[in-house]
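Student: CSV, C-alpha atoms, saved as protein.csv, coming up:
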chain,number,residue,atom,x,y,z
A,12,MET,CA,14.7,-13.5,6.4
A,13,MET,CA,12.7,-16.5,5.4
A,14,ASN,CA,15.9,-18.5,4.6
A,15,GLU,CA,17.2,-17.7,8.1
A,16,GLN,CA,13.9,-18.8,9.7
A,17,ILE,CA,13.9,-22.1,7.8
A,18,ALA,CA,17.6,-22.7,8.7
A,19,ASP,CA,16.7,-22.2,12.3
A,20,ILE,CA,13.7,-24.5,12.1
A,21,MET,CA,15.8,-27.2,10.3
A,22,ASP,CA,18.4,-27.1,13.1
A,23,ASP,CA,15.7,-27.2,15.8
A,24,ALA,CA,13.9,-30.0,14.0
A,25,GLN,CA,17.0,-32.2,13.9
A,26,ALA,CA,17.7,-31.6,17.6
A,27,ASN,CA,14.0,-31.9,18.7
A,28,PRO,CA,12.2,-34.0,16.1
A,29,GLU,CA,9.2,-34.6,18.5
A,30,LYS,CA,8.2,-30.9,18.3
A,31,TYR,CA,7.7,-31.2,14.5
A,32,THR,CA,5.6,-34.3,14.1
A,33,GLU,CA,2.7,-32.2,12.6
A,34,VAL,CA,5.0,-30.4,10.2
A,35,VAL,CA,7.4,-33.1,9.1
A,36,GLY,CA,5.3,-36.2,9.7
A,37,ASP,CA,6.8,-39.4,10.9
A,38,VAL,CA,10.0,-38.6,12.8
A,39,ASN,CA,11.2,-42.1,11.9
A,40,ALA,CA,10.8,-41.6,8.2
A,41,ALA,CA,13.6,-40.3,5.9
A,42,PRO,CA,14.9,-36.9,6.8
A,43,ILE,CA,12.8,-34.1,5.3
A,44,THR,CA,14.6,-31.8,2.9
A,45,LYS,CA,14.9,-28.0,3.3
A,46,GLU,CA,12.6,-27.5,0.3
A,47,GLU,CA,9.9,-29.8,1.7
A,48,LEU,CA,10.0,-28.2,5.1
A,49,LEU,CA,9.8,-24.7,3.6
A,50,ALA,CA,6.7,-25.7,1.6
A,51,ARG,CA,5.0,-27.2,4.6
A,52,VAL,CA,5.9,-24.3,7.0
A,53,LYS,CA,4.6,-21.8,4.4
A,54,GLN,CA,1.4,-23.8,4.0
A,55,GLN,CA,0.8,-23.9,7.7
A,56,SER,CA,1.6,-20.2,8.2
A,57,GLU,CA,-0.9,-19.0,5.7
A,58,LYS,CA,-4.2,-17.8,7.0
A,59,LYS,CA,-7.0,-20.4,7.0
A,60,ILE,CA,-9.0,-20.0,3.9
A,61,PRO,CA,-12.8,-20.8,4.2
A,62,ASP,CA,-13.9,-23.9,2.3
A,63,GLY,CA,-14.9,-23.1,-1.3
A,64,VAL,CA,-13.3,-19.6,-1.3
A,65,ALA,CA,-11.0,-19.3,-4.3
A,66,THR,CA,-7.6,-17.6,-4.1
A,67,GLN,CA,-5.4,-15.8,-6.7
A,68,GLU,CA,-1.8,-14.6,-6.9
A,69,VAL,CA,-1.4,-11.0,-7.9
A,70,GLN,CA,1.6,-8.7,-8.5
A,71,VAL,CA,2.2,-5.8,-6.1
A,72,PRO,CA,3.0,-2.5,-7.8
A,73,SER,CA,5.9,-1.7,-5.5
A,74,GLN,CA,7.5,-5.0,-6.4
A,75,GLY,CA,9.1,-5.6,-3.0
A,76,TYR,CA,10.9,-2.3,-2.9
A,77,PHE,CA,10.1,-1.7,0.7
A,78,GLY,CA,11.1,-5.2,1.8
A,79,GLY,CA,7.8,-6.9,1.1
A,80,PRO,CA,6.8,-9.4,-1.5
A,81,ALA,CA,6.6,-8.8,-5.2
A,82,SER,CA,3.3,-10.7,-5.3
A,83,VAL,CA,0.7,-11.8,-2.8
A,84,LYS,CA,-2.1,-14.3,-2.7
A,85,ILE,CA,-5.6,-12.9,-2.2
A,86,ARG,CA,-9.0,-14.6,-1.6
A,87,ARG,CA,-12.5,-13.5,-2.6
A,88,MET,CA,-14.4,-11.4,-0.1
A,89,THR,CA,-16.8,-13.1,2.4
A,90,THR,CA,-19.2,-12.0,5.0
A,91,LYS,CA,-16.2,-11.2,7.2
A,92,GLU,CA,-15.5,-8.2,4.9
A,93,GLU,CA,-19.1,-7.2,5.0
A,94,LYS,CA,-18.8,-7.0,8.8
A,95,ILE,CA,-15.7,-4.8,8.4
A,96,MET,CA,-17.7,-2.4,6.2
A,97,PHE,CA,-20.7,-2.5,8.5
A,98,THR,CA,-18.7,-1.5,11.6
A,99,ALA,CA,-16.4,1.0,9.8
A,100,THR,CA,-16.1,4.5,11.3
A,101,ASP,CA,-13.6,5.9,8.8
A,102,ALA,CA,-11.9,5.2,5.5
A,103,SER,CA,-9.3,2.9,7.2
A,104,TYR,CA,-11.8,0.0,6.6
A,105,LEU,CA,-10.5,-0.1,3.0
A,106,ALA,CA,-7.0,-1.1,4.1
A,107,ASP,CA,-8.6,-3.5,6.6
A,108,ILE,CA,-10.4,-5.3,3.8
A,109,VAL,CA,-7.2,-5.7,1.9
A,110,LYS,CA,-5.4,-7.1,4.9
A,111,SER,CA,-8.3,-9.5,5.6
A,112,CYS,CA,-8.3,-10.8,2.1
A,113,ILE,CA,-4.5,-11.4,1.8
A,114,VAL,CA,-3.8,-15.0,2.7
A,115,SER,CA,-0.1,-15.1,1.8
A,116,HIS,CA,2.2,-16.2,4.6
A,117,ASP,CA,4.4,-13.8,6.7
A,118,ILE,CA,3.1,-10.5,5.3
A,119,ASP,CA,4.4,-7.4,7.1
A,120,PHE,CA,1.9,-4.6,6.1
A,121,HIS,CA,4.5,-2.0,6.9
A,122,THR,CA,6.2,-3.0,3.6
A,123,LEU,CA,3.1,-2.1,1.5
A,124,HIS,CA,2.6,1.3,0.1
A,125,GLU,CA,-0.8,3.0,-0.1
A,126,ASN,CA,-0.6,2.5,-3.9
A,127,ASP,CA,-0.2,-1.3,-3.3
A,128,LEU,CA,-3.2,-1.4,-1.0
A,129,LEU,CA,-5.4,0.6,-3.4
A,130,TYR,CA,-4.4,-1.7,-6.4
A,131,LEU,CA,-5.0,-4.8,-4.3
A,132,LEU,CA,-8.4,-3.5,-3.2
A,133,PHE,CA,-9.5,-3.2,-6.9
A,134,ALA,CA,-7.9,-6.7,-7.6
A,135,ILE,CA,-10.0,-8.2,-4.7
A,136,ARG,CA,-13.1,-6.5,-6.0
A,137,ASN,CA,-12.4,-7.9,-9.5
A,138,PHE,CA,-11.8,-11.3,-8.2
A,139,THR,CA,-14.9,-11.3,-6.0
A,140,PHE,CA,-17.6,-9.7,-8.2
A,141,GLY,CA,-16.1,-9.3,-11.7
A,142,ASN,CA,-14.2,-6.6,-13.5
A,143,THR,CA,-17.0,-4.1,-14.2
A,144,TYR,CA,-19.1,-1.9,-12.0
A,145,THR,CA,-21.2,1.3,-12.4
A,146,GLN,CA,-20.6,4.7,-11.0
A,147,VAL,CA,-22.5,7.9,-11.5
A,148,HIS,CA,-20.7,11.0,-12.9
A,149,THR,CA,-22.4,14.4,-13.3
A,150,CYS,CA,-21.1,16.2,-16.4
A,151,PRO,CA,-19.4,19.5,-15.3
A,152,TYR,CA,-20.5,21.1,-18.6
A,153,CYS,CA,-24.2,20.2,-18.9
A,154,GLY,CA,-25.1,18.7,-15.5
A,155,PHE,CA,-26.3,15.4,-17.0
A,156,LYS,CA,-25.8,12.4,-14.8
A,157,ASN,CA,-24.0,9.7,-16.7
A,158,ASN,CA,-24.0,6.0,-15.6
A,159,LEU,CA,-20.4,4.9,-16.4
A,160,THR,CA,-19.2,1.4,-16.6
A,161,ILE,CA,-15.8,1.0,-15.1
A,162,ASP,CA,-13.7,-1.9,-16.3
A,163,ILE,CA,-11.1,-2.6,-13.6
A,164,THR,CA,-9.0,-4.8,-16.0
A,165,ALA,CA,-8.8,-1.8,-18.4
A,166,LEU,CA,-7.1,0.5,-15.8
A,167,PRO,CA,-3.4,0.5,-16.4
A,168,VAL,CA,-1.0,-0.5,-13.6
A,169,ASN,CA,2.6,0.7,-13.4
A,170,TYR,CA,5.2,-1.3,-11.5
A,171,LEU,CA,7.9,0.5,-9.5
A,172,ASP,CA,11.2,0.7,-11.3
A,173,HIS,CA,13.6,0.2,-8.4
A,174,ASN,CA,16.6,1.7,-10.1
A,175,ASN,CA,14.7,4.8,-11.3
A,176,VAL,CA,13.1,5.5,-7.9
A,177,ASP,CA,16.5,5.4,-6.2
A,178,THR,CA,17.5,8.2,-8.6
A,179,LEU,CA,14.3,10.1,-8.1
A,180,ARG,CA,14.7,10.1,-4.3
A,181,LYS,CA,17.9,12.2,-4.5
A,182,VAL,CA,16.6,15.7,-5.2
A,183,LEU,CA,18.9,18.6,-6.2
A,184,LEU,CA,17.5,21.8,-4.8
A,185,PRO,CA,17.6,24.8,-7.2
A,186,ASP,CA,18.5,27.5,-4.6
A,187,SER,CA,20.7,25.9,-2.0
A,188,LYS,CA,22.2,23.4,-4.5
A,189,ASP,CA,22.0,20.8,-1.7
A,190,VAL,CA,20.9,17.2,-2.5
A,191,LEU,CA,18.2,15.9,-0.1
A,192,GLU,CA,17.1,12.3,-0.1
A,193,LEU,CA,13.4,11.7,0.1
A,194,ASN,CA,12.0,8.9,2.3
A,195,ILE,CA,9.0,7.1,0.7
A,196,LEU,CA,6.6,6.3,3.5
A,197,THR,CA,4.7,3.1,3.4
A,198,GLU,CA,1.2,2.6,4.7
A,199,GLY,CA,2.7,1.3,8.0
A,200,ASP,CA,5.0,4.3,8.2
A,201,VAL,CA,2.1,6.7,7.8
A,202,ARG,CA,0.1,5.0,10.5
A,203,ASP,CA,3.0,5.1,12.9
A,204,LEU,CA,3.6,8.7,12.1
A,205,ASN,CA,-0.1,9.5,12.8
A,206,VAL,CA,0.1,7.6,16.1
A,207,ASP,CA,3.3,9.5,17.1
A,208,ILE,CA,1.7,12.9,16.3
A,209,ASP,CA,-1.5,12.1,18.2
A,210,ARG,CA,0.4,10.8,21.2
A,211,ALA,CA,2.6,14.0,21.3
A,212,ILE,CA,-0.5,16.2,21.0
A,213,LEU,CA,-2.4,14.4,23.7
A,214,SER,CA,0.6,14.8,26.0
A,215,GLY,CA,-0.3,18.5,26.3
A,216,LYS,CA,3.2,19.6,25.6
A,217,ILE,CA,2.6,20.9,22.1
A,218,THR,CA,1.6,24.5,21.9
A,219,ASP,CA,0.9,24.8,18.2
A,220,THR,CA,-0.5,21.4,17.0
A,221,ALA,CA,-0.8,22.5,13.3
A,222,GLU,CA,2.9,23.6,13.1
A,223,PHE,CA,4.0,20.5,15.0
A,224,THR,CA,2.1,18.2,12.6
A,225,PHE,CA,3.5,19.9,9.5
A,226,ASP,CA,7.1,19.8,10.9
A,227,THR,CA,6.8,16.1,11.9
A,228,ARG,CA,5.4,15.0,8.6
A,229,LEU,CA,8.0,16.9,6.6
A,230,SER,CA,10.9,15.7,8.8
A,231,ARG,CA,9.8,12.0,8.3
A,232,THR,CA,9.9,12.4,4.5
A,233,ILE,CA,13.5,13.7,4.5
A,234,GLY,CA,16.6,11.5,4.8
A,235,ASP,CA,20.2,12.4,4.2
A,236,LEU,CA,21.6,15.8,3.3
A,237,ASN,CA,24.3,15.6,0.7
A,238,GLY,CA,24.7,11.9,1.5
A,239,ILE,CA,25.2,12.5,5.2
A,240,PRO,CA,22.6,12.0,8.0
A,241,PHE,CA,21.5,15.1,9.9
A,242,GLU,CA,23.4,15.4,13.2
A,243,SER,CA,20.2,15.7,15.2
A,244,PRO,CA,16.4,16.2,14.9
A,245,ASP,CA,16.9,19.9,15.9
A,246,LYS,CA,19.5,20.4,13.2
A,247,LYS,CA,17.1,18.9,10.6
A,248,LYS,CA,14.3,21.1,11.8
A,249,ALA,CA,16.4,24.2,11.6
A,250,TYR,CA,17.5,23.3,8.1
A,251,LEU,CA,14.0,22.6,6.9
A,252,ASP,CA,12.6,25.8,8.5
A,253,ASN,CA,15.0,27.8,6.4
A,254,LEU,CA,14.4,26.1,3.0
A,255,SER,CA,13.4,28.6,0.3
A,256,LEU,CA,9.9,28.0,-0.9
A,257,ARG,CA,11.4,27.2,-4.3
A,258,ASP,CA,13.4,24.4,-2.8
A,259,TYR,CA,10.4,23.1,-0.8
A,260,ASN,CA,8.3,23.1,-4.0
A,261,LYS,CA,11.0,21.1,-5.7
A,262,LEU,CA,10.8,18.5,-2.9
A,263,SER,CA,7.1,18.4,-3.1
A,264,ASN,CA,7.0,17.9,-6.8
A,265,ALA,CA,9.7,15.1,-6.6
A,266,ALA,CA,7.6,13.3,-4.0
A,267,ASP,CA,4.5,13.5,-6.2
A,268,LYS,CA,6.5,12.2,-9.2
A,269,ILE,CA,7.6,9.1,-7.2
A,270,ARG,CA,4.1,8.5,-5.9
A,271,ASN,CA,2.6,8.8,-9.4
A,272,SER,CA,5.3,6.5,-10.9
A,273,PHE,CA,3.7,3.3,-9.7
A,274,GLY,CA,0.3,1.9,-8.9
A,275,MET,CA,-3.0,1.8,-10.7
A,276,ILE,CA,-4.0,4.7,-13.0
A,277,ARG,CA,-7.7,5.3,-12.3
A,278,ASN,CA,-8.4,8.0,-14.8
A,279,THR,CA,-10.5,6.8,-17.7
A,280,GLU,CA,-11.9,8.7,-20.7
A,281,PHE,CA,-15.6,8.9,-21.4
A,282,ILE,CA,-18.1,10.9,-23.6
A,283,CYS,CA,-21.1,12.6,-21.9
A,284,LYS,CA,-24.3,11.1,-23.3
A,285,SER,CA,-26.0,14.5,-23.3
A,286,CYS,CA,-23.5,17.2,-24.5
A,287,LYS,CA,-21.1,14.7,-26.2
A,288,ARG,CA,-18.0,16.3,-24.6
A,289,THR,CA,-15.0,14.0,-24.0
A,290,MET,CA,-13.5,14.2,-20.5
A,291,GLU,CA,-11.6,12.1,-18.0
A,292,VAL,CA,-13.1,10.7,-14.8
A,293,GLU,CA,-11.5,8.9,-11.9
A,294,ALA,CA,-12.7,5.4,-11.1
A,295,LEU,CA,-14.2,5.6,-7.6
A,296,ILE,CA,-15.2,3.2,-4.9
A,297,ALA,CA,-18.9,3.7,-5.7
A,298,PRO,CA,-21.8,1.8,-4.0
A,299,GLU,CA,-21.7,-0.8,-6.9
A,300,PHE,CA,-18.0,-1.5,-6.0
A,301,PHE,CA,-18.8,-3.6,-2.9
A,302,ARG,CA,-22.5,-4.1,-3.4
A,303,PRO,CA,-23.3,-4.6,-7.1
A,304,SER,CA,-26.9,-4.8,-8.0
A,305,ASP,CA,-28.3,-8.1,-9.5
A,306,GLU,CA,-28.1,-6.5,-12.9
A,307,ALA,CA,-24.4,-5.6,-12.6
Any chance you could put this one into structure tokens?

Tutor:
Amino acid sequence: MMNEQIADIMDDAQANPEKYTEVVGDVNAAPITKEELLARVKQQSEKKIPDGVATQEVQVPSQGYFGGPASVKIRRMTTKEEKIMFTATDASYLADIVKSCIVSHDIDFHTLHENDLLYLLFAIRNFTFGNTYTQVHTCPYCGFKNNLTIDITALPVNYLDHNNVDTLRKVLLPDSKDVLELNILTEGDVRDLNVDIDRAILSGKITDTAEFTFDTRLSRTIGDLNGIPFESPDKKKAYLDNLSLRDYNKLSNAADKIRNSFGMIRNTEFICKSCKRTMEVEALIAPEFFRPSDEA
């Protein structure tokens, strides 16, 4: 896509050099090369970075599987992100912070998975405040409240194996013996799905909103049947309605396996300071995550 855009720009620049004086400089100078133009267009298309705010290139767990980049450039958080948190009405502000702090050019957020956004959120926190923060965990055995230090850099990150995930997406069902292909929904796909569901419900034509929501979500996660697309949405719905629960469970487990195969692993081991039991705890987005104390 970028190569096609640059080729179009090069052709247009040669035909209309006066339009590109800010990009290519003196139109009477030596012709600019494709590489030079690409670098300058990319630089101009990046979001404006506030003076003195550092940036960093980080890998994306999905590694471009959904058509996006394998890495992105992020910046440290500023008061702009504080405003996003201050005005937030739901958890979507977390994704908004990530989007605000990505300064790479030409990013389509439909190509990022929720696992990417979560990892990038931790990467942005690490880059802004440092790699450690404190969260409180109440021991389920003795009730003692432990102050845990979470080290973001110690949390493992798995990167998506493109060949392996293509295999995992094709699920052999145990009862029907059919092979269904799973669709992996990106963050953008999920948002579009939610919009479509809300719009349909608001139309007043849906009699059972819970059933409609379940059917729509399930349908979006299913692709081909035995390598062939379903003839129509109605045919797909009829097929899915008659899946055995064993087959449905196989699909659900396969989707979880794919989801858990990449991204940040937030489980970390600790020992309760009171009862000395060893257990696992999940690294959370605790108060110290965005607003560390002076001692942190």

Student: What are the closest atom pairs, with distances in Å to one decimal, for all residues of range 54-165 of chain A lying within 6 Å of range 190-202 of chain A? Consider all atoms listed in the file, order rows by chain and residue number, and present the result as JSON lines.

Tutor:
{"residue": "A:His121", "atom": "CA", "partner": "A:Gly199", "partner_atom": "CA", "distance": 3.9}
{"residue": "A:Leu123", "atom": "CA", "partner": "A:Thr197", "partner_atom": "CA", "distance": 5.8}
{"residue": "A:His124", "atom": "CA", "partner": "A:Thr197", "partner_atom": "CA", "distance": 4.3}
{"residue": "A:Glu125", "atom": "CA", "partner": "A:Glu198", "partner_atom": "CA", "distance": 5.2}

Student: Between A:Met88, A:Ile108, A:Cys150, A:Ala81, which is the closest to Met290 in chain A once you count only C-alpha atoms?

Tutor: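 Of the candidates, the smallest distance to Met290 in chain A is held by A:Cys150.
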
Student: Skipping near chain neighbours, those fewer than 2 positions away, what residues fall within 9 Å of Val109 in chain A using all atoms listed in the file, listed as a compact mmCIF listing (two decimals) with C-alpha atoms, in the frame of the given file?

Tutor:
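Dumped to selection-v1.txt:
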# COMPACT_ATOMS: atom_id res chain seq x y z
CA ILE A 85 -5.60 -12.90 -2.20
CA TYR A 104 -11.80 0.00 6.60
CA LEU A 105 -10.50 -0.10 3.00
CA ALA A 106 -7.00 -1.10 4.10
CA ASP A 107 -8.60 -3.50 6.60
CA SER A 111 -8.30 -9.50 5.60
CA CYS A 112 -8.30 -10.80 2.10
CA ILE A 113 -4.50 -11.40 1.80
CA LEU A 128 -3.20 -1.40 -1.00
CA LEU A 129 -5.40 0.60 -3.40
CA LEU A 131 -5.00 -4.80 -4.30
CA LEU A 132 -8.40 -3.50 -3.20
CA ILE A 135 -10.00 -8.20 -4.70

Student: Of the candidates A:Ala266, A:Ile208, A:Ala102, A:Ile233, which shows the shortest atom-to-atom distance to Ile296 in chain A, using all atoms listed in the file?

Tutor: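 Among the listed residues, the smallest separation from Ile296 in chain A belongs to A:Ala102.
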
Student: CA of Val206 in chain A and CA of Thr98 in chain A are how many Å apart?

Tutor: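 So the answer is 21.4 Å.
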
Student: Between CA of Pro167 in chain A and CA of Arg270 in chain A, what is the distance, to one decimal in Å?

Tutor: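 About the pair CA of Pro167 in chain A and CA of Arg270 in chain A: they are 15.2 Å apart.
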
Student: What does the structure give for the distance between CA of Ala294 in chain A and CA of Thr160 in chain A, in Å to one decimal?

Tutor: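 About the pair CA of Ala294 in chain A and CA of Thr160 in chain A: they are 9.4 Å apart.
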
Student: Looking at A:Phe155, A:Phe133, A:Tyr76, A:Tyr259, which one is nearest to Thr232 in chain A, with distances taken over all atoms listed in the file?

Tutor: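 When distances to Thr232 in chain A are compared using all atoms listed in the file, the smallest one comes from A:Tyr259.
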
Student: Could you check the closest approach to Leu184 in chain A for each of A:Ser103, A:Asn264, A:Thr289, A:Thr139 and tell me which residue wins, using all atoms listed in the file?

Tutor: A:Asn264

Student: Need the shell around Ala297 in chain A: protein/DNA/RNA residues with any atom at most 9 Å away, counting all atoms listed in the file. Skip same-chain ones fewer than 4 positions apart. Format as a list of chain:residue names?

Tutor: A:Tyr144, A:Thr145, A:Gln146, A:Val147, A:Phe301, A:Arg302

Student: I'd like the contact shell of Ala134 in chain A - 12 Å cut-off, only C-alpha atoms, skipping same-chain residues fewer than 2 positions apart - returned as a VMD selection string.

Tutor: chain A and resid 66 to 72 83 to 88 108 to 109 112 to 113 127 to 132 136 to 143 162 to 166 168 274 to 275 300

Student: Pick out the closest residue to Asp186 in chain A from this set: A:Leu236, A:Leu254, A:Leu159, A:Ala211. Count only C-alpha atoms.

Tutor: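 Of A:Leu236, A:Leu254, A:Leu159, A:Ala211, the one nearest Asp186 in chain A is A:Leu254, counting only C-alpha atoms.
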
Student: Can you tell me which residues surround Asp226 in chain A at a distance of at most 12 Å, considering all atoms listed in the file, apart from same-chain residues fewer than 4 positions away, and format the answer as a PyMOL selection string?

Tutor: chain A and resi 204+208+219-222+230-233+244-245+247-252

Student: Kindly indicate which residue among A:Ala65, A:Ile282, A:Lys216, A:Pro240 lies nearest to Lys156 in chain A, using all atoms listed in the file for the distances.

Tutor: A:Ile282
